[in-house]
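Enquirer: Here you go, this is input.cif (mmCIF, N, CA and C atoms and all ligand atoms).
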```cif
data_target
loop_
_atom_site.label_atom_id
_atom_site.label_comp_id
_atom_site.auth_asym_id
_atom_site.auth_seq_id
_atom_site.Cartn_x
_atom_site.Cartn_y
_atom_site.Cartn_z
N MET A 13 -6.99 2.99 -14.88
CA MET A 13 -5.55 2.78 -14.67
C MET A 13 -4.97 3.94 -13.89
N LEU A 14 -4.30 3.63 -12.84
CA LEU A 14 -3.64 4.66 -12.05
C LEU A 14 -2.39 5.10 -12.78
N GLN A 15 -2.21 6.36 -12.89
CA GLN A 15 -1.03 6.90 -13.55
C GLN A 15 -0.12 7.55 -12.53
N PRO A 16 0.83 6.80 -12.00
CA PRO A 16 1.60 7.33 -10.87
C PRO A 16 2.42 8.57 -11.16
N ASP A 17 2.85 8.79 -12.39
CA ASP A 17 3.63 10.01 -12.55
C ASP A 17 2.90 11.04 -13.38
N SER A 18 1.64 11.17 -13.12
CA SER A 18 0.84 12.12 -13.86
C SER A 18 0.86 13.50 -13.21
N GLY A 19 1.78 13.73 -12.30
CA GLY A 19 1.94 15.06 -11.77
C GLY A 19 1.33 15.30 -10.42
N ARG A 20 0.31 14.54 -10.07
CA ARG A 20 -0.28 14.76 -8.76
C ARG A 20 0.53 14.01 -7.70
N PRO A 21 1.08 14.72 -6.73
CA PRO A 21 1.93 14.05 -5.75
C PRO A 21 1.19 12.93 -5.04
N ASP A 22 1.80 11.78 -5.04
CA ASP A 22 1.27 10.61 -4.35
C ASP A 22 -0.07 10.11 -4.89
N HIS A 23 -0.60 10.76 -5.91
CA HIS A 23 -1.77 10.22 -6.60
C HIS A 23 -2.87 9.84 -5.65
N GLY A 24 -3.01 10.54 -4.57
CA GLY A 24 -4.10 10.25 -3.65
C GLY A 24 -3.95 8.94 -2.92
N LEU A 25 -2.72 8.51 -2.67
CA LEU A 25 -2.54 7.31 -1.87
C LEU A 25 -3.03 7.58 -0.46
N ALA A 26 -3.90 6.72 0.04
CA ALA A 26 -4.53 6.98 1.33
C ALA A 26 -3.55 6.85 2.48
N LYS A 27 -3.62 7.80 3.39
CA LYS A 27 -2.70 7.79 4.53
C LYS A 27 -3.08 6.70 5.54
N CYS A 28 -4.35 6.34 5.59
CA CYS A 28 -4.78 5.39 6.61
C CYS A 28 -4.12 4.03 6.45
N CYS A 29 -3.88 3.60 5.21
CA CYS A 29 -3.34 2.25 5.02
C CYS A 29 -2.02 2.25 4.26
N ASN A 30 -1.62 3.43 3.71
CA ASN A 30 -0.27 3.58 3.20
C ASN A 30 0.10 2.52 2.14
N PRO A 31 -0.64 2.43 1.05
CA PRO A 31 -0.33 1.40 0.05
C PRO A 31 0.98 1.65 -0.67
N ILE A 32 1.67 0.59 -1.05
CA ILE A 32 2.89 0.70 -1.82
C ILE A 32 2.78 -0.22 -3.02
N PRO A 33 3.57 0.04 -4.07
CA PRO A 33 3.45 -0.77 -5.29
C PRO A 33 3.55 -2.26 -5.01
N GLY A 34 2.62 -3.03 -5.56
CA GLY A 34 2.58 -4.46 -5.35
C GLY A 34 1.47 -4.87 -4.40
N ASP A 35 1.00 -3.95 -3.57
CA ASP A 35 -0.13 -4.24 -2.71
C ASP A 35 -1.39 -4.35 -3.56
N PRO A 36 -2.31 -5.25 -3.16
CA PRO A 36 -3.64 -5.21 -3.78
C PRO A 36 -4.30 -3.89 -3.38
N ILE A 37 -4.84 -3.17 -4.33
CA ILE A 37 -5.38 -1.85 -4.02
C ILE A 37 -6.78 -1.66 -4.60
N THR A 38 -7.48 -0.70 -4.05
CA THR A 38 -8.82 -0.33 -4.50
C THR A 38 -8.88 1.19 -4.59
N GLY A 39 -9.46 1.68 -5.65
CA GLY A 39 -9.65 3.12 -5.77
C GLY A 39 -11.00 3.51 -5.20
N TYR A 40 -11.06 4.67 -4.62
CA TYR A 40 -12.28 5.13 -3.98
C TYR A 40 -12.48 6.57 -4.43
N ILE A 41 -13.61 6.84 -5.05
CA ILE A 41 -13.84 8.18 -5.58
C ILE A 41 -14.26 9.11 -4.46
N THR A 42 -13.47 10.14 -4.25
CA THR A 42 -13.78 11.09 -3.17
C THR A 42 -14.30 12.38 -3.78
N ARG A 43 -15.15 13.06 -3.05
CA ARG A 43 -15.69 14.34 -3.50
C ARG A 43 -14.59 15.37 -3.64
N GLY A 44 -14.39 15.86 -4.84
CA GLY A 44 -13.49 16.98 -5.03
C GLY A 44 -12.01 16.63 -5.09
N ARG A 45 -11.65 15.41 -4.66
CA ARG A 45 -10.22 15.11 -4.62
C ARG A 45 -9.84 13.98 -5.59
N GLY A 46 -10.75 13.63 -6.45
CA GLY A 46 -10.43 12.58 -7.40
C GLY A 46 -10.47 11.21 -6.74
N VAL A 47 -9.52 10.37 -7.10
CA VAL A 47 -9.52 9.00 -6.61
C VAL A 47 -8.51 8.85 -5.49
N SER A 48 -8.94 8.30 -4.39
CA SER A 48 -7.99 7.99 -3.33
C SER A 48 -7.74 6.49 -3.35
N VAL A 49 -6.48 6.11 -3.24
CA VAL A 49 -6.10 4.71 -3.41
C VAL A 49 -5.80 4.07 -2.06
N HIS A 50 -6.54 2.98 -1.75
CA HIS A 50 -6.38 2.27 -0.48
C HIS A 50 -5.89 0.85 -0.74
N ARG A 51 -5.29 0.27 0.28
CA ARG A 51 -5.02 -1.16 0.22
C ARG A 51 -6.36 -1.88 0.21
N ALA A 52 -6.42 -3.00 -0.51
CA ALA A 52 -7.69 -3.72 -0.62
C ALA A 52 -8.18 -4.20 0.74
N ASP A 53 -7.26 -4.39 1.70
CA ASP A 53 -7.68 -4.86 3.02
C ASP A 53 -7.82 -3.72 4.04
N CYS A 54 -7.86 -2.49 3.56
CA CYS A 54 -8.00 -1.35 4.47
C CYS A 54 -9.38 -1.37 5.13
N PRO A 55 -9.44 -1.28 6.45
CA PRO A 55 -10.74 -1.29 7.14
C PRO A 55 -11.63 -0.13 6.70
N ASN A 56 -11.04 0.99 6.36
CA ASN A 56 -11.85 2.14 5.93
C ASN A 56 -12.61 1.83 4.64
N VAL A 57 -12.05 0.97 3.81
CA VAL A 57 -12.73 0.60 2.58
C VAL A 57 -13.72 -0.51 2.86
N LEU A 58 -13.29 -1.51 3.64
CA LEU A 58 -14.13 -2.67 3.91
C LEU A 58 -15.40 -2.29 4.66
N GLN A 59 -15.32 -1.23 5.49
CA GLN A 59 -16.47 -0.85 6.28
C GLN A 59 -17.42 0.10 5.56
N GLY A 60 -17.17 0.33 4.28
CA GLY A 60 -18.03 1.22 3.52
C GLY A 60 -19.46 0.69 3.43
N SER A 61 -20.43 1.58 3.41
CA SER A 61 -21.82 1.17 3.26
C SER A 61 -22.07 0.84 1.79
N ASP A 62 -23.30 0.39 1.48
CA ASP A 62 -23.61 0.03 0.09
C ASP A 62 -23.41 1.18 -0.88
N SER A 63 -23.82 2.36 -0.45
CA SER A 63 -23.68 3.50 -1.34
C SER A 63 -22.21 3.83 -1.56
N ASP A 64 -21.39 3.56 -0.54
CA ASP A 64 -19.96 3.79 -0.68
C ASP A 64 -19.36 2.83 -1.70
N LEU A 65 -19.88 1.60 -1.72
CA LEU A 65 -19.32 0.60 -2.63
C LEU A 65 -19.41 1.05 -4.07
N SER A 66 -20.44 1.83 -4.39
CA SER A 66 -20.59 2.28 -5.77
C SER A 66 -19.51 3.29 -6.13
N ARG A 67 -18.80 3.78 -5.14
CA ARG A 67 -17.73 4.75 -5.41
C ARG A 67 -16.37 4.08 -5.51
N MET A 68 -16.35 2.75 -5.37
CA MET A 68 -15.08 2.05 -5.48
C MET A 68 -14.79 1.68 -6.93
N ILE A 69 -13.58 1.91 -7.37
CA ILE A 69 -13.20 1.55 -8.72
C ILE A 69 -11.92 0.73 -8.69
N GLU A 70 -11.72 -0.01 -9.77
CA GLU A 70 -10.50 -0.81 -9.85
C GLU A 70 -9.34 0.05 -10.31
N VAL A 71 -8.23 -0.06 -9.63
CA VAL A 71 -7.02 0.63 -10.07
C VAL A 71 -5.87 -0.37 -10.03
N SER A 72 -4.82 -0.08 -10.76
CA SER A 72 -3.65 -0.96 -10.69
C SER A 72 -2.39 -0.13 -10.72
N TRP A 73 -1.35 -0.72 -10.22
CA TRP A 73 -0.07 -0.02 -10.18
C TRP A 73 0.58 -0.05 -11.56
N ASP A 74 1.19 1.04 -11.94
CA ASP A 74 2.11 0.99 -13.07
C ASP A 74 3.45 0.55 -12.50
N ILE A 75 4.00 -0.50 -13.05
CA ILE A 75 5.24 -1.04 -12.50
C ILE A 75 6.42 -0.18 -12.96
N GLY A 76 7.45 -0.18 -12.19
CA GLY A 76 8.65 0.55 -12.56
C GLY A 76 8.73 1.94 -11.94
N LEU A 77 8.03 2.12 -10.83
CA LEU A 77 8.10 3.39 -10.14
C LEU A 77 9.47 3.53 -9.51
N ASP A 78 10.03 4.70 -9.61
CA ASP A 78 11.33 4.93 -9.00
C ASP A 78 11.13 5.85 -7.80
N LYS A 79 10.63 5.29 -6.74
CA LYS A 79 10.23 6.12 -5.61
C LYS A 79 10.32 5.26 -4.37
N ASP A 80 10.66 5.88 -3.25
CA ASP A 80 10.69 5.14 -2.00
C ASP A 80 9.41 5.38 -1.22
N TYR A 81 8.94 4.33 -0.58
CA TYR A 81 7.75 4.42 0.25
C TYR A 81 8.12 4.01 1.67
N THR A 82 7.50 4.65 2.63
CA THR A 82 7.77 4.27 4.02
C THR A 82 6.68 3.33 4.50
N VAL A 83 7.10 2.20 5.03
CA VAL A 83 6.14 1.29 5.64
C VAL A 83 6.56 1.03 7.08
N GLU A 84 5.59 0.70 7.89
CA GLU A 84 5.89 0.41 9.28
C GLU A 84 5.55 -1.03 9.59
N ILE A 85 6.50 -1.70 10.24
CA ILE A 85 6.32 -3.10 10.60
C ILE A 85 6.30 -3.21 12.12
N GLU A 86 5.36 -3.98 12.62
CA GLU A 86 5.28 -4.17 14.07
C GLU A 86 5.69 -5.59 14.41
N ILE A 87 6.66 -5.69 15.32
CA ILE A 87 7.24 -6.97 15.67
C ILE A 87 7.06 -7.20 17.17
N ILE A 88 6.61 -8.37 17.52
CA ILE A 88 6.57 -8.72 18.95
C ILE A 88 7.64 -9.78 19.18
N CYS A 89 8.53 -9.50 20.12
CA CYS A 89 9.68 -10.40 20.29
C CYS A 89 10.03 -10.51 21.77
N ASN A 90 10.95 -11.42 22.06
CA ASN A 90 11.50 -11.52 23.41
C ASN A 90 12.18 -10.22 23.77
N ASP A 91 11.98 -9.78 25.01
CA ASP A 91 12.67 -8.58 25.46
C ASP A 91 13.97 -9.00 26.13
N LYS A 92 15.01 -9.14 25.33
CA LYS A 92 16.30 -9.46 25.93
C LYS A 92 17.43 -8.84 25.11
N VAL A 93 18.59 -8.80 25.71
CA VAL A 93 19.73 -8.13 25.09
C VAL A 93 20.06 -8.75 23.74
N GLY A 94 20.26 -7.91 22.75
CA GLY A 94 20.72 -8.39 21.45
C GLY A 94 19.62 -8.62 20.43
N VAL A 95 18.37 -8.72 20.90
CA VAL A 95 17.29 -9.01 19.96
C VAL A 95 17.07 -7.86 18.97
N LEU A 96 17.10 -6.64 19.51
CA LEU A 96 16.89 -5.48 18.65
C LEU A 96 17.94 -5.44 17.53
N GLN A 97 19.18 -5.75 17.89
CA GLN A 97 20.24 -5.76 16.89
C GLN A 97 19.97 -6.80 15.81
N GLU A 98 19.44 -7.96 16.24
CA GLU A 98 19.11 -9.00 15.26
C GLU A 98 18.03 -8.52 14.31
N LEU A 99 17.04 -7.82 14.88
CA LEU A 99 15.94 -7.31 14.05
C LEU A 99 16.46 -6.31 13.03
N LEU A 100 17.31 -5.41 13.50
CA LEU A 100 17.81 -4.34 12.63
C LEU A 100 18.73 -4.87 11.54
N ALA A 101 19.35 -6.02 11.81
CA ALA A 101 20.27 -6.58 10.82
C ALA A 101 19.53 -7.04 9.56
N VAL A 102 18.24 -7.39 9.71
CA VAL A 102 17.51 -7.95 8.57
C VAL A 102 17.33 -6.92 7.44
N PRO A 103 16.72 -5.75 7.72
CA PRO A 103 16.64 -4.75 6.63
C PRO A 103 18.01 -4.26 6.18
N SER A 104 18.97 -4.20 7.12
CA SER A 104 20.30 -3.73 6.74
C SER A 104 20.93 -4.65 5.70
N GLU A 105 20.79 -5.96 5.92
CA GLU A 105 21.33 -6.92 4.96
C GLU A 105 20.71 -6.77 3.59
N MET A 106 19.45 -6.32 3.57
CA MET A 106 18.76 -6.13 2.29
C MET A 106 18.99 -4.74 1.73
N LYS A 107 19.85 -3.97 2.40
CA LYS A 107 20.19 -2.61 1.97
C LYS A 107 18.98 -1.68 1.99
N LEU A 108 18.07 -1.95 2.93
CA LEU A 108 16.91 -1.07 3.08
C LEU A 108 17.19 -0.04 4.16
N ASN A 109 16.75 1.16 3.93
CA ASN A 109 16.97 2.23 4.89
C ASN A 109 15.94 2.16 6.02
N ILE A 110 16.44 2.20 7.25
CA ILE A 110 15.55 2.18 8.42
C ILE A 110 15.35 3.62 8.85
N SER A 111 14.13 4.13 8.78
CA SER A 111 13.95 5.55 9.12
C SER A 111 13.63 5.77 10.58
N SER A 112 13.02 4.80 11.24
CA SER A 112 12.85 4.94 12.68
C SER A 112 12.59 3.59 13.33
N VAL A 113 12.96 3.48 14.58
CA VAL A 113 12.73 2.26 15.36
C VAL A 113 12.25 2.67 16.73
N ASN A 114 11.25 1.98 17.20
CA ASN A 114 10.68 2.32 18.49
C ASN A 114 10.37 1.01 19.22
N ALA A 115 11.02 0.79 20.36
CA ALA A 115 10.80 -0.45 21.11
C ALA A 115 10.10 -0.16 22.42
N ASN A 116 9.02 -0.89 22.67
CA ASN A 116 8.27 -0.75 23.92
C ASN A 116 8.24 -2.06 24.67
N PRO A 117 9.02 -2.16 25.75
CA PRO A 117 9.01 -3.40 26.52
C PRO A 117 7.70 -3.58 27.28
N ASN A 118 7.22 -4.81 27.30
CA ASN A 118 6.04 -5.14 28.12
C ASN A 118 6.56 -5.91 29.33
N ARG A 119 6.73 -5.22 30.44
CA ARG A 119 7.40 -5.83 31.60
C ARG A 119 6.65 -7.06 32.11
N SER A 120 5.33 -7.08 31.96
CA SER A 120 4.55 -8.17 32.52
C SER A 120 4.91 -9.53 31.92
N ASN A 121 5.19 -9.57 30.62
CA ASN A 121 5.46 -10.89 30.03
C ASN A 121 6.82 -10.96 29.33
N LYS A 122 7.70 -10.00 29.63
CA LYS A 122 9.05 -10.03 29.07
C LYS A 122 9.10 -10.08 27.55
N THR A 123 8.14 -9.42 26.91
CA THR A 123 8.21 -9.28 25.47
C THR A 123 8.41 -7.80 25.15
N SER A 124 8.66 -7.53 23.90
CA SER A 124 8.84 -6.16 23.48
C SER A 124 8.10 -5.96 22.17
N THR A 125 7.44 -4.82 22.03
CA THR A 125 6.78 -4.48 20.78
C THR A 125 7.66 -3.47 20.05
N VAL A 126 8.16 -3.87 18.91
CA VAL A 126 9.08 -3.02 18.17
C VAL A 126 8.41 -2.54 16.89
N ARG A 127 8.40 -1.23 16.71
CA ARG A 127 7.87 -0.67 15.47
C ARG A 127 9.02 -0.12 14.67
N MET A 128 9.14 -0.56 13.44
CA MET A 128 10.26 -0.21 12.60
C MET A 128 9.73 0.41 11.31
N SER A 129 10.19 1.61 10.98
CA SER A 129 9.80 2.23 9.70
C SER A 129 10.92 2.03 8.68
N LEU A 130 10.55 1.53 7.51
CA LEU A 130 11.53 1.22 6.48
C LEU A 130 11.19 1.94 5.18
N SER A 131 12.22 2.31 4.44
CA SER A 131 12.00 2.82 3.09
C SER A 131 12.11 1.65 2.12
N VAL A 132 11.04 1.43 1.37
CA VAL A 132 11.03 0.32 0.42
C VAL A 132 10.51 0.83 -0.92
N GLN A 133 10.66 0.00 -1.95
CA GLN A 133 10.14 0.39 -3.25
C GLN A 133 8.88 -0.36 -3.63
N ASN A 134 8.66 -1.51 -3.02
CA ASN A 134 7.46 -2.27 -3.38
C ASN A 134 7.10 -3.26 -2.28
N ALA A 135 5.92 -3.83 -2.43
CA ALA A 135 5.39 -4.73 -1.41
C ALA A 135 6.20 -6.01 -1.30
N ALA A 136 6.84 -6.43 -2.39
CA ALA A 136 7.63 -7.67 -2.35
C ALA A 136 8.78 -7.54 -1.34
N GLN A 137 9.38 -6.36 -1.28
CA GLN A 137 10.47 -6.15 -0.32
C GLN A 137 9.95 -6.26 1.11
N VAL A 138 8.76 -5.73 1.34
CA VAL A 138 8.18 -5.80 2.68
C VAL A 138 7.93 -7.25 3.07
N GLN A 139 7.38 -8.01 2.12
CA GLN A 139 7.12 -9.43 2.37
C GLN A 139 8.41 -10.16 2.72
N GLN A 140 9.46 -9.83 1.99
CA GLN A 140 10.75 -10.48 2.20
C GLN A 140 11.31 -10.17 3.60
N VAL A 141 11.24 -8.90 3.98
CA VAL A 141 11.71 -8.52 5.31
C VAL A 141 10.90 -9.25 6.38
N MET A 142 9.59 -9.27 6.20
CA MET A 142 8.73 -9.89 7.22
C MET A 142 9.00 -11.38 7.33
N THR A 143 9.22 -12.03 6.20
CA THR A 143 9.52 -13.46 6.21
C THR A 143 10.81 -13.73 6.97
N LYS A 144 11.82 -12.90 6.70
CA LYS A 144 13.11 -13.11 7.38
C LYS A 144 13.00 -12.83 8.87
N LEU A 145 12.24 -11.81 9.24
CA LEU A 145 12.07 -11.49 10.66
C LEU A 145 11.38 -12.64 11.40
N ARG A 146 10.39 -13.24 10.73
CA ARG A 146 9.64 -14.34 11.36
C ARG A 146 10.53 -15.55 11.65
N ARG A 147 11.62 -15.67 10.91
CA ARG A 147 12.50 -16.82 11.11
C ARG A 147 13.40 -16.68 12.33
N LEU A 148 13.51 -15.45 12.87
CA LEU A 148 14.35 -15.25 14.05
C LEU A 148 13.69 -15.94 15.25
N LYS A 149 14.53 -16.61 16.07
CA LYS A 149 13.91 -17.44 17.11
C LYS A 149 13.28 -16.63 18.23
N ASP A 150 13.70 -15.39 18.41
CA ASP A 150 13.12 -14.57 19.47
C ASP A 150 11.90 -13.76 19.02
N VAL A 151 11.50 -13.95 17.78
CA VAL A 151 10.36 -13.19 17.25
C VAL A 151 9.08 -14.02 17.33
N PHE A 152 8.04 -13.43 17.91
CA PHE A 152 6.75 -14.11 18.03
C PHE A 152 5.80 -13.76 16.91
N SER A 153 5.77 -12.49 16.54
CA SER A 153 4.86 -12.12 15.46
C SER A 153 5.38 -10.90 14.72
N VAL A 154 5.03 -10.84 13.44
CA VAL A 154 5.44 -9.73 12.58
C VAL A 154 4.23 -9.32 11.77
N ALA A 155 3.90 -8.04 11.79
CA ALA A 155 2.74 -7.58 11.03
C ALA A 155 3.04 -6.22 10.42
N ARG A 156 2.41 -5.95 9.31
CA ARG A 156 2.56 -4.63 8.73
C ARG A 156 1.53 -3.72 9.36
N ALA A 157 2.00 -2.60 9.89
CA ALA A 157 1.08 -1.65 10.51
C ALA A 157 0.23 -1.00 9.42
N MET A 158 -0.97 -0.61 9.79
CA MET A 158 -1.89 -0.05 8.80
C MET A 158 -1.45 1.31 8.28
N GLY A 159 -1.16 2.22 9.17
CA GLY A 159 -0.80 3.56 8.71
C GLY A 159 0.68 3.79 8.81
N SER A 160 1.11 4.98 8.51
CA SER A 160 2.50 5.32 8.77
C SER A 160 2.50 6.41 9.84
N THR A 161 3.35 6.28 10.82
CA THR A 161 3.39 7.26 11.90
C THR A 161 4.35 8.38 11.56
N GLY A 162 5.41 8.03 10.87
CA GLY A 162 6.44 9.02 10.55
C GLY A 162 5.91 10.06 9.58
N ASN A 163 6.65 11.10 9.41
CA ASN A 163 6.34 12.26 8.57
C ASN A 163 4.85 12.49 8.35
ZN ZN B 201 -7.11 3.12 3.61
#
```
Would you give me this structure, written as C-alpha cells?
Expert:
Amino acid sequence: MLQPDSGRPDHGLAKCCNPIPGDPITGYITRGRGVSVHRADCPNVLQGSDSDLSRMIEVSWDIGLDKDYTVEIEIICNDKVGVLQELLAVPSEMKLNISSVNANPNRSNKTSTVRMSLSVQNAAQVQQVMTKLRRLKDVFSVARAMGSTGN
C-alpha cells in the first residue's frame, strides 16, 4: 500500500509519466530509492526486461489526498482565431488552474499543437477536461502527455 503522506515528498512518483491519483499505477523497486511509482501504461515500465518485472509491485492510491498535481495535455486543433480561447475556457469553467499554455502552429496543414499544463487533484478531472475538449468542433485530438515539462 502506498502511503502518500508518510513524509517522503512525492513518494517516488516517477517524473517520466507523472502519475496522479486515480491513474492505474505500478510500483517499481529501485536500488536505494525505495519504490518509484509509474503509470501502468508508462513505456519505461512496459519495456522492462524479465528481470525488471520481478521488481514490479502492486501499489494503490490512498484516496483523499489534498494536493495539486500538474498534468500536461496535448491538443491538436484548427489553427484559427478564437480556438485557443475556446480551449482555455474548458479548464476555466471547471475552476482548474492553468499553469502554462504553449501553441505551435503547423503552417503546412493549418493545425496547431497546443500543450496545456493544468493543476488537478485526480485523474477523473483530467478525463473530464479531455472529454470536454474533444467535443469542441475545432479539436482533432486530445491526449495526455507522458511527462511534465513544467517545473
Ligand atoms: Zn514512468
Enquirer: Can I get the residues close to ligand ZN 201 (chain B) as a list in words, where close means within 6 Å and we count only N, CA and C atoms and all ligand atoms?
Expert: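 With only N, CA and C atoms and all ligand atoms and a cut-off of 6 Å, ligand ZN 201 (chain B) is contacted by Ala26, Lys27, Cys28, Cys29, Asn30, Val49, His50, Arg51, Cys54, Pro55, Asn56 and Val57 of chain A.
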Enquirer: DSSP on the backbone, then: every residue of segment 103-157 of chain A marked helix (DSSP H, G or I), written as a list in words.
Expert: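 DSSP-assigned helix (DSSP H, G or I) residues in segment 103-157 of chain A: Pro103, Ser104, Glu105, Ala135, Ala136, Gln137, Val138, Gln139, Gln140, Val141, Met142, Thr143, Lys144, Leu145 and Arg146 of chain A.
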Enquirer: Work out how far atom N of Ala155 of chain A is from atom C of Trp73 of chain A, in Å to one decimal.
Expert: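 The value is 24.9 Å.
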Enquirer: For Ile69 of chain A, find every residue with an atom within 9 Å (counting only C-alpha atoms), except residues of its own chain fewer than 6 positions away, and show them as a list in words.
Expert: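 Those residues are Thr38, Gly39, Tyr40, Ile41 and Val47 of chain A.
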Enquirer: Report the distance between atom N of Met128 of chain A and atom CA of Val71 of chain A in Å, rounded to one decimal place.
Expert: 28.6 Å
Enquirer: With a distance cut-off of 6 Å and only N, CA and C atoms, select the neighbouring residues of segment 106-118 of chain A, excluding the residue or stretch itself and same-chain residues fewer than 4 positions from it, and output the selection as an mmCIF file with N, CA and C atoms, in the coordinates of the input.
Expert:
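Output contents, as saved in out.cif:
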```cif
data_model
loop_
_atom_site.group_PDB
_atom_site.id
_atom_site.type_symbol
_atom_site.label_atom_id
_atom_site.label_comp_id
_atom_site.auth_asym_id
_atom_site.auth_seq_id
_atom_site.Cartn_x
_atom_site.Cartn_y
_atom_site.Cartn_z
ATOM 1 N N VAL A 102 18.240 -7.390 9.710
ATOM 2 C CA VAL A 102 17.510 -7.950 8.570
ATOM 3 C C VAL A 102 17.330 -6.920 7.440
ATOM 4 N N LYS A 122 7.700 -10.000 29.630
ATOM 5 C CA LYS A 122 9.050 -10.030 29.070
ATOM 6 C C LYS A 122 9.100 -10.080 27.550
ATOM 7 N N THR A 123 8.140 -9.420 26.910
ATOM 8 C CA THR A 123 8.210 -9.280 25.470
ATOM 9 C C THR A 123 8.410 -7.800 25.150
ATOM 10 N N SER A 124 8.660 -7.530 23.900
ATOM 11 C CA SER A 124 8.840 -6.160 23.480
ATOM 12 C C SER A 124 8.100 -5.960 22.170
ATOM 13 N N THR A 125 7.440 -4.820 22.030
ATOM 14 C CA THR A 125 6.780 -4.480 20.780
ATOM 15 C C THR A 125 7.660 -3.470 20.050
ATOM 16 N N VAL A 126 8.160 -3.870 18.910
ATOM 17 C CA VAL A 126 9.080 -3.020 18.170
ATOM 18 C C VAL A 126 8.410 -2.540 16.890
ATOM 19 N N ARG A 127 8.400 -1.230 16.710
ATOM 20 C CA ARG A 127 7.870 -0.670 15.470
ATOM 21 C C ARG A 127 9.020 -0.120 14.670
ATOM 22 N N MET A 128 9.140 -0.560 13.440
ATOM 23 C CA MET A 128 10.260 -0.210 12.600
ATOM 24 C C MET A 128 9.730 0.410 11.310
ATOM 25 N N SER A 129 10.190 1.610 10.980
ATOM 26 C CA SER A 129 9.800 2.230 9.700
ATOM 27 C C SER A 129 10.920 2.030 8.680
ATOM 28 N N LEU A 130 10.550 1.530 7.510
ATOM 29 C CA LEU A 130 11.530 1.220 6.480
ATOM 30 C C LEU A 130 11.190 1.940 5.180
ATOM 31 N N SER A 131 12.220 2.310 4.440
ATOM 32 C CA SER A 131 12.000 2.820 3.090
ATOM 33 C C SER A 131 12.110 1.650 2.120
#
```
Enquirer: Provide the atom N of Asp53 of chain A to atom N of Asp150 of chain A distance in Å, to one decimal place.
Expert: 29.0 Å
Enquirer: Which is closest to Ile37 of chain A among A:Ser72, A:Gln59, A:Asn90, A:Ser66, if we use all atoms listed in the file?
Expert: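 Looking only at the distances to Ile37 of chain A, the closest residue turns out to be A:Ser72.
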Enquirer: Nearest to Val151 of chain A: which of A:Thr82, A:Ile88, A:Val132, A:Val95 is it, counting only N, CA and C atoms?
Expert: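 Smallest separation from Val151 of chain A among the options: A:Ile88.
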Enquirer: Report as a VMD selection string: the residues of segment 21-154 of chain A with a DSSP assignment of strand (DSSP E or B), based on the backbone of this structure.
Expert: chain A and resid 25 37 to 42 46 to 51 68 to 69 81 to 90 109 to 118 123 to 132 151 to 154
